[in-house]
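Student: Next comes the structure file coords-v5.tsv, holding TSV, C-alpha atoms.
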chain	number	residue	atom	x	y	z
Z	1	VAL	CA	38.74	17.38	121.52
Z	2	GLY	CA	35.52	19.17	122.35
Z	3	SER	CA	32.45	18.10	124.25
Z	4	PHE	CA	28.99	19.46	124.79
Z	5	GLY	CA	28.04	20.21	128.35
Z	6	CYS	CA	24.49	20.95	129.47
Z	7	PHE	CA	22.09	23.53	128.13
Z	8	ALA	CA	20.69	25.91	130.70
Z	9	SER	CA	17.12	27.14	130.96
Z	10	SER	CA	18.07	30.26	129.01
Z	11	PHE	CA	17.30	28.38	125.82
Z	12	VAL	CA	15.68	25.17	124.63
Z	13	VAL	CA	17.20	22.57	122.30
Z	14	LEU	CA	14.70	20.87	120.02
Z	15	ILE	CA	15.02	17.33	118.58
Z	16	PHE	CA	17.67	15.74	120.84
Z	17	ASP	CA	20.79	16.24	122.92
Z	18	PRO	CA	23.86	16.18	120.62
Z	19	LEU	CA	26.09	14.66	123.29
Z	20	GLN	CA	25.71	11.09	121.98
Z	21	LEU	CA	26.70	12.15	118.47
Z	22	ARG	CA	29.74	13.99	119.81
Z	23	GLU	CA	30.79	10.96	121.84
Z	24	ALA	CA	30.54	8.77	118.73
Z	25	VAL	CA	32.90	11.14	116.91
Z	26	ALA	CA	35.36	11.06	119.81
Z	27	ALA	CA	35.25	7.26	120.08
Z	28	ALA	CA	35.91	6.67	116.37
Z	29	THR	CA	38.69	9.27	116.36
Z	30	MET	CA	40.43	7.73	119.36
Z	31	GLN	CA	40.25	4.30	117.67
Z	32	GLY	CA	41.86	5.66	114.51
Z	33	ASP	CA	38.91	4.54	112.37
Z	34	SER	CA	38.72	7.26	109.72
Z	35	ALA	CA	35.68	5.81	107.96
Z	36	ALA	CA	33.69	5.55	111.20
Z	37	ALA	CA	34.84	9.00	112.33
Z	38	ALA	CA	33.80	10.52	109.00
Z	39	ALA	CA	30.36	8.88	109.23
Z	40	ALA	CA	29.90	10.08	112.82
Z	41	ILE	CA	30.95	13.63	111.92
Z	42	ASP	CA	28.52	13.67	109.01
Z	43	LEU	CA	25.72	13.00	111.51
Z	44	TYR	CA	27.05	15.49	114.04
Z	45	LEU	CA	27.76	18.45	111.73
Z	46	PRO	CA	24.10	19.26	110.91
Z	47	VAL	CA	23.37	19.38	114.65
Z	48	LEU	CA	26.39	21.55	115.37
Z	49	HIS	CA	25.44	23.81	112.47
Z	50	GLY	CA	22.00	24.22	113.99
Z	51	VAL	CA	23.45	25.45	117.26
Z	52	VAL	CA	25.87	27.81	115.49
Z	53	SER	CA	23.16	29.16	113.17
Z	54	SER	CA	20.82	29.80	116.07
Z	55	VAL	CA	23.51	31.72	117.94
Z	56	ALA	CA	24.42	33.68	114.80
Z	57	ALA	CA	20.78	34.60	114.22
Z	58	HIS	CA	20.51	35.99	117.73
Z	59	ASP	CA	21.40	39.63	118.20
Z	60	GLY	CA	24.75	39.03	119.87
Z	61	LEU	CA	25.49	36.27	122.30
Z	62	PRO	CA	22.51	35.60	124.55
Z	63	SER	CA	22.68	36.53	128.18
Z	64	THR	CA	22.79	33.42	130.32
Z	65	GLY	CA	22.85	35.02	133.73
Z	66	GLY	CA	26.07	33.21	134.55
Z	67	ARG	CA	24.55	29.79	133.85
Z	68	LEU	CA	26.44	27.17	131.86
Z	69	VAL	CA	25.38	27.19	128.24
Z	70	PHE	CA	28.16	25.33	126.47
Z	71	ALA	CA	31.26	23.50	127.66
Z	72	TRP	CA	34.30	22.91	125.47
Z	73	THR	CA	37.14	20.85	126.91
Z	74	SER	CA	40.65	20.89	125.53
Z	75	GLY	CA	42.64	17.68	125.79
Z	76	GLY	CA	41.69	14.01	125.62
Z	77	ASP	CA	40.35	11.45	128.05
Z	78	LYS	CA	43.80	10.61	129.42
Z	79	GLU	CA	44.79	14.24	129.90
Z	80	PRO	CA	41.69	16.28	130.74
Z	81	GLY	CA	42.16	19.86	129.64
Z	82	LYS	CA	40.73	23.13	130.73
Z	83	GLN	CA	36.99	23.68	130.35
Z	84	TYR	CA	35.68	26.86	128.79
Z	85	TYR	CA	32.10	27.84	129.53
Z	86	SER	CA	31.13	30.22	126.77
Z	87	LEU	CA	29.29	30.24	123.47
Z	88	TYR	CA	32.42	31.83	121.99
Z	89	THR	CA	33.99	28.38	122.09
Z	90	LEU	CA	31.59	27.20	119.40
Z	91	GLY	CA	34.20	28.55	116.99
Z	92	TYR	CA	36.75	26.12	118.36
Z	93	GLU	CA	34.32	23.23	118.14
Z	94	VAL	CA	33.38	23.90	114.51
Z	95	CYS	CA	37.04	24.31	113.57
Z	96	MET	CA	38.09	21.06	115.26
Z	97	ILE	CA	35.22	19.01	113.86
Z	98	VAL	CA	35.58	20.21	110.26
Z	99	SER	CA	39.36	19.84	110.33
Z	100	THR	CA	39.00	16.32	111.76
Z	101	ARG	CA	36.63	15.53	108.90
Z	102	ALA	CA	39.27	16.79	106.45
Z	103	TYR	CA	41.95	14.66	108.10
Z	104	CYS	CA	39.64	11.67	107.69
Z	105	GLU	CA	39.51	12.35	103.94
Z	106	CYS	CA	43.32	12.44	103.82
Z	107	ASN	CA	43.59	9.15	105.71
Z	108	LEU	CA	40.99	7.48	103.49
Z	109	ALA	CA	42.88	8.72	100.41
Z	110	ALA	CA	46.07	7.14	101.76
Z	111	GLN	CA	44.19	3.87	102.33
Z	112	GLU	CA	43.03	3.88	98.72
Z	113	LEU	CA	46.59	4.27	97.49
Z	114	GLU	CA	47.82	1.53	99.83
Z	115	SER	CA	45.23	-0.93	98.52
Z	116	PRO	CA	46.37	-3.98	96.46
Z	117	SER	CA	45.56	-2.18	93.21
Z	118	GLY	CA	47.91	0.59	94.30
Z	119	MET	CA	48.22	3.44	91.84
Z	120	GLY	CA	45.63	2.05	89.40
Z	121	ASP	CA	43.03	4.31	87.82
Z	122	GLU	CA	40.18	3.60	90.24
Z	123	PRO	CA	42.10	4.03	93.54
Z	124	SER	CA	43.78	7.14	92.13
Z	125	LYS	CA	40.45	8.67	91.16
Z	126	LYS	CA	38.99	7.95	94.59
Z	127	ALA	CA	42.08	9.32	96.33
Z	128	LEU	CA	42.02	12.43	94.15
Z	129	ALA	CA	38.37	13.10	95.01
Z	130	LEU	CA	39.07	12.64	98.73
Z	131	LEU	CA	42.09	14.95	98.69
Z	132	LYS	CA	40.18	17.63	96.80
Z	133	SER	CA	37.39	17.32	99.37
Z	134	ALA	CA	39.90	17.72	102.21
Z	135	ALA	CA	41.44	20.77	100.53
Z	136	SER	CA	38.02	22.40	100.18
Z	137	MET	CA	37.30	21.77	103.87
Z	138	PHE	CA	40.57	23.35	104.99
Z	139	ALA	CA	39.84	26.30	102.69
Z	140	ALA	CA	36.35	26.65	104.20
Z	141	ILE	CA	37.80	26.75	107.72
Z	142	ALA	CA	40.21	29.51	106.74
Z	143	SER	CA	37.60	31.52	104.82
Z	144	HIS	CA	34.32	31.03	106.65
Z	145	VAL	CA	34.82	29.51	110.10
Z	146	LEU	CA	37.71	31.28	111.79
Z	147	PRO	CA	37.34	34.86	110.51
Z	148	LEU	CA	33.80	34.92	111.92
Z	149	ASN	CA	35.11	34.31	115.44
Z	150	GLU	CA	37.50	37.19	116.00
Z	151	SER	CA	36.45	37.30	119.65
Z	152	LEU	CA	38.51	34.17	120.30
Z	153	PRO	CA	41.75	34.78	122.24
Z	154	VAL	CA	44.56	36.41	120.29
Z	155	GLN	CA	47.06	33.83	121.50
Z	156	ARG	CA	45.77	30.78	119.70
Z	157	SER	CA	47.18	27.38	118.88
Z	158	LEU	CA	47.97	26.64	115.23
Z	159	GLU	CA	44.85	24.56	114.82
Z	160	VAL	CA	42.68	27.67	114.97
Z	161	LEU	CA	44.74	29.98	112.75
Z	162	PRO	CA	43.49	30.67	109.20
Z	163	LEU	CA	47.02	30.67	107.71
Z	164	TYR	CA	47.62	27.19	109.09
Z	165	HIS	CA	44.57	25.82	107.31
Z	166	ARG	CA	45.51	27.62	104.12
Z	167	SER	CA	48.83	25.79	104.23
Z	168	LEU	CA	47.05	22.44	104.75
Z	169	GLU	CA	44.77	23.20	101.80
Z	170	LEU	CA	47.82	23.77	99.60
Z	171	LEU	CA	49.54	20.60	100.82
Z	172	CYS	CA	46.41	18.61	99.92
Z	173	ARG	CA	46.49	20.21	96.48
Z	174	THR	CA	50.17	19.23	96.25
Z	175	SER	CA	49.15	15.62	96.88
Z	176	CYS	CA	46.60	15.94	94.07
Z	177	GLN	CA	49.39	17.22	91.83
Z	178	LEU	CA	51.57	14.22	92.71
Z	179	LEU	CA	48.74	11.85	91.79
Z	180	ALA	CA	48.58	13.56	88.40
Z	181	ILE	CA	52.35	13.11	88.02
Z	182	ASN	CA	52.13	9.39	88.80
Z	183	GLN	CA	49.36	8.93	86.25
Z	184	ALA	CA	51.32	10.90	83.65
Z	185	VAL	CA	54.36	8.65	84.16
Z	186	ILE	CA	52.28	5.45	84.09
Z	187	ARG	CA	50.61	6.52	80.84
Z	188	GLY	CA	53.91	7.39	79.21
Z	189	MET	CA	53.25	11.09	78.75
Z	190	SER	CA	56.06	13.34	77.56
Z	191	VAL	CA	59.01	14.16	79.82
Z	192	PRO	CA	58.52	17.95	79.38
Z	193	LEU	CA	54.92	17.62	80.62
Z	194	VAL	CA	56.03	15.64	83.69
Z	195	ALA	CA	58.67	18.30	84.36
Z	196	LYS	CA	55.99	21.02	84.27
Z	197	LEU	CA	53.85	19.02	86.70
Z	198	TYR	CA	56.76	18.65	89.13
Z	199	SER	CA	57.35	22.39	88.86
Z	200	GLY	CA	53.66	22.89	89.71
Z	201	ALA	CA	54.05	20.72	92.82
Z	202	SER	CA	57.02	22.86	93.84
Z	203	GLN	CA	54.96	26.01	93.37
Z	204	LEU	CA	52.14	24.70	95.59
Z	205	CYS	CA	54.61	23.73	98.33
Z	206	GLY	CA	56.16	27.17	98.06
Z	207	LEU	CA	52.81	28.85	98.59
Z	208	SER	CA	52.15	26.62	101.60
Z	209	LEU	CA	55.54	27.61	102.99
Z	210	GLN	CA	54.64	31.30	102.62
Z	211	HIS	CA	51.56	30.80	104.80
Z	212	LEU	CA	53.49	28.80	107.38
Z	213	SER	CA	56.16	31.50	107.50
Z	214	GLY	CA	53.46	34.02	108.37
Z	215	LEU	CA	52.58	32.25	111.60
Z	216	ASN	CA	53.95	33.79	114.77
Z	217	SER	CA	52.76	31.36	117.42
Z	218	ASP	CA	53.07	27.63	117.84
Z	219	TRP	CA	51.96	25.92	121.01
Z	220	ASN	CA	52.20	22.34	119.77
Z	221	ASP	CA	55.50	22.34	117.86
Z	222	VAL	CA	53.65	21.58	114.62
Z	223	ASP	CA	54.93	24.52	112.64
Z	224	PRO	CA	58.67	23.62	112.54
Z	225	SER	CA	58.05	20.15	111.12
Z	226	LEU	CA	55.53	21.31	108.54
Z	227	ARG	CA	57.61	24.32	107.58
Z	228	ASN	CA	60.76	22.24	107.11
Z	229	PHE	CA	58.92	19.59	105.12
Z	230	ALA	CA	57.26	22.18	102.86
Z	231	SER	CA	60.59	23.90	102.31
Z	232	GLY	CA	62.41	20.65	101.52
Z	233	ALA	CA	59.63	19.38	99.26
Z	234	CYS	CA	59.52	22.69	97.37
Z	235	HIS	CA	63.21	22.36	96.45
Z	236	TYR	CA	62.98	18.60	95.84
Z	237	PHE	CA	60.15	18.84	93.32
Z	238	LEU	CA	61.89	21.67	91.48
Z	239	GLY	CA	65.11	19.63	91.48
Z	240	VAL	CA	63.31	16.74	89.77
Z	241	ALA	CA	61.69	19.13	87.26
Z	242	LEU	CA	65.09	20.59	86.36
Z	243	GLN	CA	66.62	17.12	86.07
Z	244	LEU	CA	63.92	16.04	83.62
Z	245	GLN	CA	64.26	19.23	81.61
Z	246	ALA	CA	68.05	18.82	81.50
Z	247	LYS	CA	67.64	15.34	80.02
Z	248	THR	CA	65.32	16.73	77.36
Z	249	GLU	CA	67.73	19.56	76.47
Z	250	TRP	CA	70.72	17.21	76.33
Z	251	GLU	CA	68.94	14.82	73.98
Z	252	ALA	CA	67.96	17.80	71.82
Z	253	GLY	CA	71.60	18.83	71.49
Z	254	LYS	CA	71.31	21.87	73.78
Z	255	HIS	CA	74.28	20.82	75.88
Z	256	GLY	CA	75.04	24.16	77.51
Z	257	GLU	CA	71.43	24.57	78.68
Z	258	ALA	CA	71.42	21.01	79.97
Z	259	VAL	CA	74.55	21.60	82.06
Z	260	SER	CA	73.04	24.77	83.52
Z	261	GLN	CA	69.82	22.96	84.44
Z	262	ILE	CA	71.46	19.90	85.96
Z	263	ARG	CA	73.67	22.16	88.07
Z	264	GLU	CA	70.61	23.95	89.37
Z	265	SER	CA	68.93	20.59	89.96
Z	266	LYS	CA	71.88	19.54	92.16
Z	267	HIS	CA	71.64	22.86	94.00
Z	268	ARG	CA	67.91	22.30	94.65
Z	269	PHE	CA	68.52	18.78	95.97
Z	270	ASP	CA	71.14	20.15	98.35
Z	271	LYS	CA	68.63	22.73	99.61
Z	272	ALA	CA	65.97	20.03	100.01
Z	273	TYR	CA	68.31	18.09	102.29
Z	274	SER	CA	69.29	21.16	104.30
Z	275	GLY	CA	65.62	22.16	104.45
Z	276	GLY	CA	64.82	19.05	106.44
Z	277	ILE	CA	62.77	16.92	104.05
Z	278	MET	CA	64.56	13.73	105.11
Z	279	HIS	CA	63.76	14.30	108.80
Z	280	TYR	CA	60.01	14.00	108.21
Z	281	ALA	CA	59.82	11.78	105.12
Z	282	SER	CA	58.52	8.23	105.09
Z	283	LYS	CA	60.92	5.42	104.20
Z	284	SER	CA	59.62	5.24	100.63
Z	285	LEU	CA	59.95	9.01	100.14
Z	286	SER	CA	63.45	9.00	101.63
Z	287	GLU	CA	64.53	6.29	99.21
Z	288	ARG	CA	62.97	8.18	96.31
Z	289	VAL	CA	64.71	11.45	97.22
Z	290	ASP	CA	68.05	9.66	97.58
Z	291	SER	CA	67.59	7.94	94.23
Z	292	ASP	CA	66.64	11.13	92.39
Z	293	ARG	CA	69.55	13.05	93.94
Z	294	THR	CA	72.03	10.30	93.01
Z	295	GLN	CA	70.78	10.39	89.44
Z	296	THR	CA	71.24	14.16	89.29
Z	297	VAL	CA	74.79	13.90	90.69
Z	298	ASN	CA	75.70	11.27	88.08
Z	299	LEU	CA	74.17	13.27	85.23
Z	300	LEU	CA	76.00	16.41	86.35
Z	301	ALA	CA	79.34	14.61	86.23
Z	302	LEU	CA	78.54	13.11	82.83
Z	303	TYR	CA	77.25	16.31	81.21
Z	304	GLU	CA	80.11	18.47	82.48
Z	305	LYS	CA	82.69	15.92	81.32
Z	306	GLU	CA	81.24	15.44	77.84
Z	307	ASN	CA	80.56	19.13	77.31
Z	308	GLY	CA	84.12	19.97	78.40
Z	309	MET	CA	85.70	17.35	76.15
Z	310	VAL	CA	83.37	17.06	73.15
Z	311	TYR	CA	80.72	19.74	72.68
Z	312	PHE	CA	82.27	22.90	74.20
Z	313	ALA	CA	78.80	24.50	74.40
Z	314	ARG	CA	78.40	27.82	76.15
Z	315	ILE	CA	76.69	27.49	79.52
Z	316	PRO	CA	74.06	30.23	80.04
Z	317	ALA	CA	74.86	32.63	82.87
Z	318	GLU	CA	71.24	33.21	83.84
Z	319	ASP	CA	69.43	30.86	86.20
Z	320	PRO	CA	67.38	28.19	84.41
Z	321	SER	CA	63.61	28.08	84.78
Z	322	VAL	CA	60.91	25.49	84.23
Z	323	GLU	CA	57.39	26.06	82.95
Z	324	THR	CA	54.68	25.22	85.46
Z	325	LYS	CA	51.44	23.30	85.13
Z	326	VAL	CA	49.05	22.97	88.08
Z	327	VAL	CA	46.17	20.54	87.62
Z	328	ALA	CA	44.56	20.97	91.06
Z	329	ALA	CA	43.98	24.70	90.81
Z	330	GLU	CA	40.33	24.36	91.89
Z	331	THR	CA	39.15	21.94	94.54
Z	332	GLY	CA	35.50	22.92	94.77
Z	333	HIS	CA	33.53	24.63	97.52
Z	334	TRP	CA	32.57	23.02	100.81
Z	335	SER	CA	29.88	24.28	103.12
Z	336	MET	CA	28.26	23.09	106.32
Z	337	PRO	CA	25.31	20.70	105.82
Z	338	ALA	CA	21.82	21.98	106.43
Z	339	PRO	CA	21.07	22.28	110.17
Z	340	THR	CA	18.82	19.68	111.79
Z	341	ILE	CA	18.49	21.36	115.19
Z	342	ARG	CA	17.14	24.73	116.30
Z	343	VAL	CA	17.83	26.64	119.48
Z	344	VAL	CA	15.15	29.00	120.79
Z	345	PHE	CA	16.36	31.72	123.16
Z	346	ARG	CA	14.03	32.96	125.88
If you took the structure in this file and wrote it as structure tokens, what would it be?
Tutor:
Amino acid sequence: VGSFGCFASSFVVLIFDPLQLREAVAAATMQGDSAAAAAAIDLYLPVLHGVVSSVAAHDGLPSTGGRLVFAWTSGGDKEPGKQYYSLYTLGYEVCMIVSTRAYCECNLAAQELESPSGMGDEPSKKALALLKSAASMFAAIASHVLPLNESLPVQRSLEVLPLYHRSLELLCRTSCQLLAINQAVIRGMSVPLVAKLYSGASQLCGLSLQHLSGLNSDWNDVDPSLRNFASGACHYFLGVALQLQAKTEWEAGKHGEAVSQIRESKHRFDKAYSGGIMHYASKSLSERVDSDRTQTVNLLALYEKENGMVYFARIPAEDPSVETKVVAAETGHWSMPAPTIRVVFR
């Protein structure tokens, strides 16, 4: 949570004081109203961009003679945090505001999918657009916001680390991939295609896990939960992909290949459980993971029994693989809106 303080006589703010806009963002966020928070942020961002652009255009940070120029407060209303009086903290403010806007997109996407029409075409399209927008915002934070503020303290919380936002971008893209999978299933597309899409979801989670594994500080205990979930989801999605591919191979008479793939599917489900996916999953996801794992266990018993008694097919020694298809490879580019405020330094 950030807040503007007062502007000293070292510079002049034209148009209006942004404090009211910032308070509207904070109020909507505290109320959990994602639509209102998104609307308030859309009004606030051009103002914030104006302040940042004016500072960036100045040759270095302006000298304020020790006077307060900008106040950023960590913590909420119930637990007031420490105040930092420096223009360097603009980096924190931009990061927090843009990431909050991205979280709003994620929440609005979830609301679309929880609507009465559920996974219909229109809610899915709206949710997909919102998730792609969120992914592009997280990518923009990692690429354009944080690297430009290397003067911020080295010991930083996760929320201001580029790798953290890269991982969130990839998790948003994973959600886009899952929407594509649901639509493929609803429309009756081929099992091999659905398997490739699940393999793509696993790949995206794996990339997110790589970024999370590169983090070396965590003040808010966010990293362990995200890391465990990404690890578990990576194995779970690959387990489903292998299960689907095993079914296809079995029906095609490739019994040895099917046994190899269903064994690996069981192995991946075991790793998903040990990775911690069930500790952070919703009730619906937990039930889905349990159901898919049970199906794999049953198929493994069936395939091994029938192959051992009827087909006697050779089981490949090499590890099975699944082709990958990623449909959310590009999420578009996001940039700050045009500034509507200008700061003149004297």
Student: Find the residues near Leu209 (chain Z): any atom within 7 Å, counting all atoms listed in the file, skip ones fewer than 4 places away on the same chain, and give them as an MDAnalysis selection string.
Tutor: chainID Z and resid 205 213 227 230:231
Student: Would you write out those residues with C-alpha atoms, as a PDB file, in the frame of the given file?
Tutor:
ATOM      1  CA  CYS Z 205      54.610  23.730  98.330  1.00  0.00           C
ATOM      2  CA  SER Z 213      56.160  31.500 107.500  1.00  0.00           C
ATOM      3  CA  ARG Z 227      57.610  24.320 107.580  1.00  0.00           C
ATOM      4  CA  ALA Z 230      57.260  22.180 102.860  1.00  0.00           C
ATOM      5  CA  SER Z 231      60.590  23.900 102.310  1.00  0.00           C
TER       6      SER Z 231
END
Student: Smallest atom-to-atom distance to Met309 (chain Z): which of Z:His255, Z:Lys283, Z:Arg187, Z:Arg288, using all atoms listed in the file?
Tutor: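 Nearest to Met309 (chain Z): Z:His255.
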Student: Between CA of Gln20 (chain Z) and CA of Cys95 (chain Z), what is the distance, to one decimal in Å?
Tutor: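 So the two atoms, CA of Gln20 (chain Z) and CA of Cys95 (chain Z), lie 19.3 Å apart.
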Student: Quote the spacing between CA of Val52 (chain Z) and CA of Ala28 (chain Z) in Å to one decimal place.
Tutor: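 So the two atoms, CA of Val52 (chain Z) and CA of Ala28 (chain Z), lie 23.4 Å apart.
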Student: Hey, can you check how far CA of Leu163 (chain Z) sits from CA of Tyr92 (chain Z)?
Tutor: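 Rounded to one decimal, the two atoms are 15.5 Å apart.
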Student: Using all atoms listed in the file, which of the listed residues (Z:Tyr44, Z:Phe138, Z:Phe312, Z:Tyr198) sits closest to Glu257 (chain Z)?
Tutor: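 Under the stated criterion, the closest residue is Z:Phe312.
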Student: The residues within 8 Å of (28.4, 21.6, 106.3), using all atoms listed in the file and the coordinates of the file, should be reported as a VMD selection string; which are they?
Tutor: chain Z and resid 45 to 46 49 334 to 338
Student: Kindly compute an axis-aligned box around the listed atoms of region 184-193 of chain Z, allowing 6 Å on each side, and express its centre and edge lengths in Å to one decimal as JSON.
Tutor:
{"center_x": 54.8, "center_y": 11.7, "center_z": 80.9, "size_x": 20.4, "size_y": 24.5, "size_z": 18.6}
Student: If you take only C-alpha atoms and a cut-off of 12 Å, which residues of region 155-234 of chain Z touch region 122-127 of chain Z, and what are their nearest atom pairs and distances in Å to one decimal, in chain and number order, as CSV?
Tutor:
residue,atom,partner,partner_atom,distance
Z:Cys172,CA,Z:Ala127,CA,10.9
Z:Arg173,CA,Z:Ala127,CA,11.8
Z:Ser175,CA,Z:Ala127,CA,9.5
Z:Cys176,CA,Z:Ala127,CA,8.3
Z:Gln177,CA,Z:Ser124,CA,11.5
Z:Leu178,CA,Z:Ser124,CA,10.5
Z:Leu179,CA,Z:Ser124,CA,6.8
Z:Ala180,CA,Z:Ser124,CA,8.8
Z:Ile181,CA,Z:Ser124,CA,11.2
Z:Asn182,CA,Z:Ser124,CA,9.3
Z:Gln183,CA,Z:Ser124,CA,8.3
Z:Ala184,CA,Z:Ser124,CA,12.0
Z:Ile186,CA,Z:Ser124,CA,11.8
Student: Could you please take those selected residues and save C-alpha atoms as a PDB file, keeping the file's coordinate frame?
Tutor:
ATOM      1  CA  CYS Z 172      46.410  18.610  99.920  1.00  0.00           C
ATOM      2  CA  ARG Z 173      46.490  20.210  96.480  1.00  0.00           C
ATOM      3  CA  SER Z 175      49.150  15.620  96.880  1.00  0.00           C
ATOM      4  CA  CYS Z 176      46.600  15.940  94.070  1.00  0.00           C
ATOM      5  CA  GLN Z 177      49.390  17.220  91.830  1.00  0.00           C
ATOM      6  CA  LEU Z 178      51.570  14.220  92.710  1.00  0.00           C
ATOM      7  CA  LEU Z 179      48.740  11.850  91.790  1.00  0.00           C
ATOM      8  CA  ALA Z 180      48.580  13.560  88.400  1.00  0.00           C
ATOM      9  CA  ILE Z 181      52.350  13.110  88.020  1.00  0.00           C
ATOM     10  CA  ASN Z 182      52.130   9.390  88.800  1.00  0.00           C
ATOM     11  CA  GLN Z 183      49.360   8.930  86.250  1.00  0.00           C
ATOM     12  CA  ALA Z 184      51.320  10.900  83.650  1.00  0.00           C
ATOM     13  CA  ILE Z 186      52.280   5.450  84.090  1.00  0.00           C
TER      14      ILE Z 186
END
Student: Tell me, as a list in words, which residues lie within 12 Å of Ala102 (chain Z), counting only C-alpha atoms; anything in the same chain fewer than 6 positions away does not count.
Tutor: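 Returned residues: Ser34, Ala35, Ala37, Ala38, Ile41, Asp42, Cys95, Met96, Leu108, Ala109, Leu130, Leu131, Lys132, Ser133, Ala134, Ala135, Ser136, Met137, Phe138, Ala139, Ala140, Ile141, His165, Leu168, Glu169, Cys172 and Trp334 of chain Z.
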